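Read through the structure below, which is laid out as structure tokens, and then see the notes.
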Amino acid sequence: MSEEIIPDVPVASDVLENEEPAVNYSAMSLAELADMFQKLAVSEDRMKRSKEAEAIKSAFYKKLLKEKAEAGSAADVQEPGGTEEDVAAEQEEVQAETQSATENSVSENPFEEIERGFKALYNAYRKEKAEYNRQQEKEREHNLELKEAVIADLKVLVEKQEDVNATFPAFREIQNRWREIGPVPVQSFRNLNDTYQLYVEQFYDKVKINRELRDLDFKKNLEAKEKFCEAAEKLAEKENVVEAFKELQKLHEQWKEFGPVAKQFREDIWNRFKAATAVINKKYQAYFEGQKEQYAENLAAKTGLCEQVEAIAEKEIKSSSEWNDCTKEIEDIQKQWKGIGYASKKENQKIYDRFRAACDKFFERKREFYAAYKDEMNENLQKKIALCEAAEELKTSTAWKKTTDQLINLQKQWKEIGAVPRKKSEALWKRFRAACDEFFNERDKQAKPENDFYGNLKAKKHLIEEINAYTLSDDEDANAEAAQDFADRWQAIGFVPFKEKDKIAAAYKEAMNAKFPDMSRRSRGRAPKNEKERLVQKYLKKEQDIVTYENNIGFFAASKNSEPLIRQMQERIDKAKAELKELEMQIRALDSAENEQ
């Protein structure tokens, strides 16, 4: 019977590659990762910790990429890698860069120094690891030659058929030599071991050895294999299935190092060892299948998050508040992503790349939006500066009526212009308001009796009191006539102090709306009687607008930075003139229809 077991599960190395790292490197800073790698690189067992070294390197460059992306300079990151010649070249490059950085004193990239230091550490470790692997491989090849020599000696011993007292000590010496020799290349292990076991069995079966010596040897082998069975049975109770599986592989290798036991025990001892092995293999298989299911669930969850981010990245977003809301959504999704475990080794990098691409697309669009938004605010800034200069040109004017109309028009334009950079907004508004206040304060001081602004304010307040005190009649026509009378009287009252105009106008509008909510007449005067009258009123208003716009161009021309405003005024004039022509055609059409009747 062959005493070997070939587990029907993936080899241990495959499992270890799928295991999550015991340390959460993603939570560490660049400096902490570099310090951890430096400690690993000088540890005594560093050559056996290559997976840990690669995990630290991967976490370091992910963190570096993220921080550089946030700083806007991620394009320069390049992880070390390649052949041994590449390692040597990278080390020379790192040394040259370090020397250059020392000579120049100041690095242009704030991440350059820590990246260079980490790359130097990693390349030195990788070069040492490569040399270590070469030495290990060389030693295995040497061990292969030694074991082949042992087999050759054993073969000669089996074929001699000499007296047992002469051959058995030599056989013992060959066994000891075999066990003292270290591991051989993996691809040679099975064939080499099978050949050795074949000759060992032939020695026991064919050579006429002393029964007592043979039984003693069988007994020692049985004792050893019973201990292997006990160790395997104890491993079946271990919670860490992966560690148990790894240790089981070592037990199998050690089992094969010992010769056979007495025939009556061979099947029982083998079945016992095989039964313990089956328990571990079954638990390992269940664990491995569970990992597969968990990976599949994690992949499905991460795919859903990718779809959410991709939808947001494609969404049409027009305002700053919308961008802020969407950014909050993305950040929440990124937190969810971090809480989900790994996908399978095959899919994990793919799904991460998809998620990262969707996030990058969103934030790139956001950067483009705010770049355009900044340009628009700068253009608005130039427009408002031009309005400030125009108001400052007018603030010392004594043409009270004309200048009042011009400044009111400037104020309307100010409200139509969008936002400006926040740090300049308040100062700019104070500048504009100061110019307007200077004119209106002086105008109010110089008011003539017929322009008694404070008297007008008092009169308008009194009129509002009358409107509030008015008792509605059951006669709708009487109510309409009263509303028209209030509106006419309001229009007849002159200007009020500038700082009071908005407040008193709002109070009047509120009183009229509250008292006459269903009336078609409003404070601006009587409503047109028919369509023709409506068109004529609109035509006259449009003419007045054109005069105002042309006026504005006149005094804007004397101001600095006024080109945007002049261009804006000219566009309004052209549009108003086109509307005038359209209104004129409509009025003539109505005239023709009336004449035909």
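Quick note on naming: the chains in the structure tokens go A, B, ... in the order shown, residues restart at 1 in each chain, and ligands are numbered from 1 in order of appearance.
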
message: Residues near stretch 515-517 of chain A, anyone? I mean within 9 Å using only C-alpha atoms, not counting same-chain ones fewer than 3 positions away, as a ChimeraX atom specification.
response: /A:467-468,470-472,479-480,483,510-512,520-521

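If you count only C-alpha atoms and ignore residues fewer than 4 places along the chain from A:Glu173, what sits within 12 Å of it is Val150, Asp153, Leu154, Leu157, Ala166, Thr167, Phe168, Pro169, Arg177, Trp178, Arg179 and Glu180 of chain A.
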
message: Residues near A:Glu115, anyone? I mean within 9 Å using only C-alpha atoms, not counting same-chain ones fewer than 4 positions away, as a PyMOL selection string.
response: chain A and resi 30+34+60-61+64+77+111+119-120

Shell around A:Ala507 at 12 Å using only C-alpha atoms, local window under 5 positions removed, as a PyMOL selection string: chain A and resi 457+460-465+467-468+500-502+512-514+523

Dump as a PDB file, in the first residue's frame, selection limited to N, CA and C atoms:
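Written out: result.pdb:
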```pdb
ATOM      1  N   LEU A 457     -42.201 111.201   1.766  1.00  0.00           N
ATOM      2  CA  LEU A 457     -42.235 109.977   2.548  1.00  0.00           C
ATOM      3  C   LEU A 457     -43.420 109.998   3.515  1.00  0.00           C
ATOM      4  N   LYS A 460     -46.637 109.475   1.592  1.00  0.00           N
ATOM      5  CA  LYS A 460     -46.841 108.090   1.170  1.00  0.00           C
ATOM      6  C   LYS A 460     -47.234 107.199   2.351  1.00  0.00           C
ATOM      7  N   LYS A 461     -46.675 107.461   3.512  1.00  0.00           N
ATOM      8  CA  LYS A 461     -47.082 106.718   4.698  1.00  0.00           C
ATOM      9  C   LYS A 461     -48.549 106.972   5.027  1.00  0.00           C
ATOM     10  N   HIS A 462     -48.955 108.257   4.908  1.00  0.00           N
ATOM     11  CA  HIS A 462     -50.347 108.605   5.177  1.00  0.00           C
ATOM     12  C   HIS A 462     -51.281 107.913   4.188  1.00  0.00           C
ATOM     13  N   LEU A 463     -50.852 107.827   2.901  1.00  0.00           N
ATOM     14  CA  LEU A 463     -51.663 107.167   1.876  1.00  0.00           C
ATOM     15  C   LEU A 463     -51.813 105.670   2.174  1.00  0.00           C
ATOM     16  N   ILE A 464     -50.749 105.070   2.645  1.00  0.00           N
ATOM     17  CA  ILE A 464     -50.810 103.634   3.004  1.00  0.00           C
ATOM     18  C   ILE A 464     -51.791 103.426   4.141  1.00  0.00           C
ATOM     19  N   GLU A 465     -51.819 104.364   5.111  1.00  0.00           N
ATOM     20  CA  GLU A 465     -52.790 104.276   6.206  1.00  0.00           C
ATOM     21  C   GLU A 465     -54.216 104.361   5.674  1.00  0.00           C
ATOM     22  N   ILE A 467     -55.219 103.427   2.671  1.00  0.00           N
ATOM     23  CA  ILE A 467     -55.517 102.160   1.976  1.00  0.00           C
ATOM     24  C   ILE A 467     -55.909 101.088   2.986  1.00  0.00           C
ATOM     25  N   ASN A 468     -55.174 100.997   4.078  1.00  0.00           N
ATOM     26  CA  ASN A 468     -55.470  99.988   5.094  1.00  0.00           C
ATOM     27  C   ASN A 468     -56.810 100.237   5.777  1.00  0.00           C
ATOM     28  N   GLU A 500     -35.025 105.032   2.044  1.00  0.00           N
ATOM     29  CA  GLU A 500     -36.359 104.603   2.466  1.00  0.00           C
ATOM     30  C   GLU A 500     -37.200 104.062   1.314  1.00  0.00           C
ATOM     31  N   LYS A 501     -36.716 104.186   0.057  1.00  0.00           N
ATOM     32  CA  LYS A 501     -37.573 103.919  -1.094  1.00  0.00           C
ATOM     33  C   LYS A 501     -38.036 102.456  -1.162  1.00  0.00           C
ATOM     34  N   ASP A 502     -37.117 101.504  -0.917  1.00  0.00           N
ATOM     35  CA  ASP A 502     -37.487 100.086  -1.007  1.00  0.00           C
ATOM     36  C   ASP A 502     -38.492  99.703   0.072  1.00  0.00           C
ATOM     37  N   MET A 512     -51.907  97.353  -0.898  1.00  0.00           N
ATOM     38  CA  MET A 512     -52.780  97.241  -2.062  1.00  0.00           C
ATOM     39  C   MET A 512     -53.171  95.789  -2.324  1.00  0.00           C
ATOM     40  N   ASN A 513     -52.228  94.887  -2.228  1.00  0.00           N
ATOM     41  CA  ASN A 513     -52.525  93.474  -2.470  1.00  0.00           C
ATOM     42  C   ASN A 513     -53.479  92.917  -1.420  1.00  0.00           C
ATOM     43  N   ALA A 514     -53.320  93.388  -0.173  1.00  0.00           N
ATOM     44  CA  ALA A 514     -54.188  92.902   0.893  1.00  0.00           C
ATOM     45  C   ALA A 514     -55.615  93.452   0.753  1.00  0.00           C
ATOM     46  N   SER A 523     -50.301  99.395  -8.745  1.00  0.00           N
ATOM     47  CA  SER A 523     -49.714 100.694  -8.417  1.00  0.00           C
ATOM     48  C   SER A 523     -49.040 101.352  -9.595  1.00  0.00           C
TER      49      SER A 523
END
```

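Candidate residues A:Ala434, A:Arg367, A:Asn123, A:Glu379 were compared for distance to A:Leu394, and the nearest is A:Ala434, using only C-alpha atoms.
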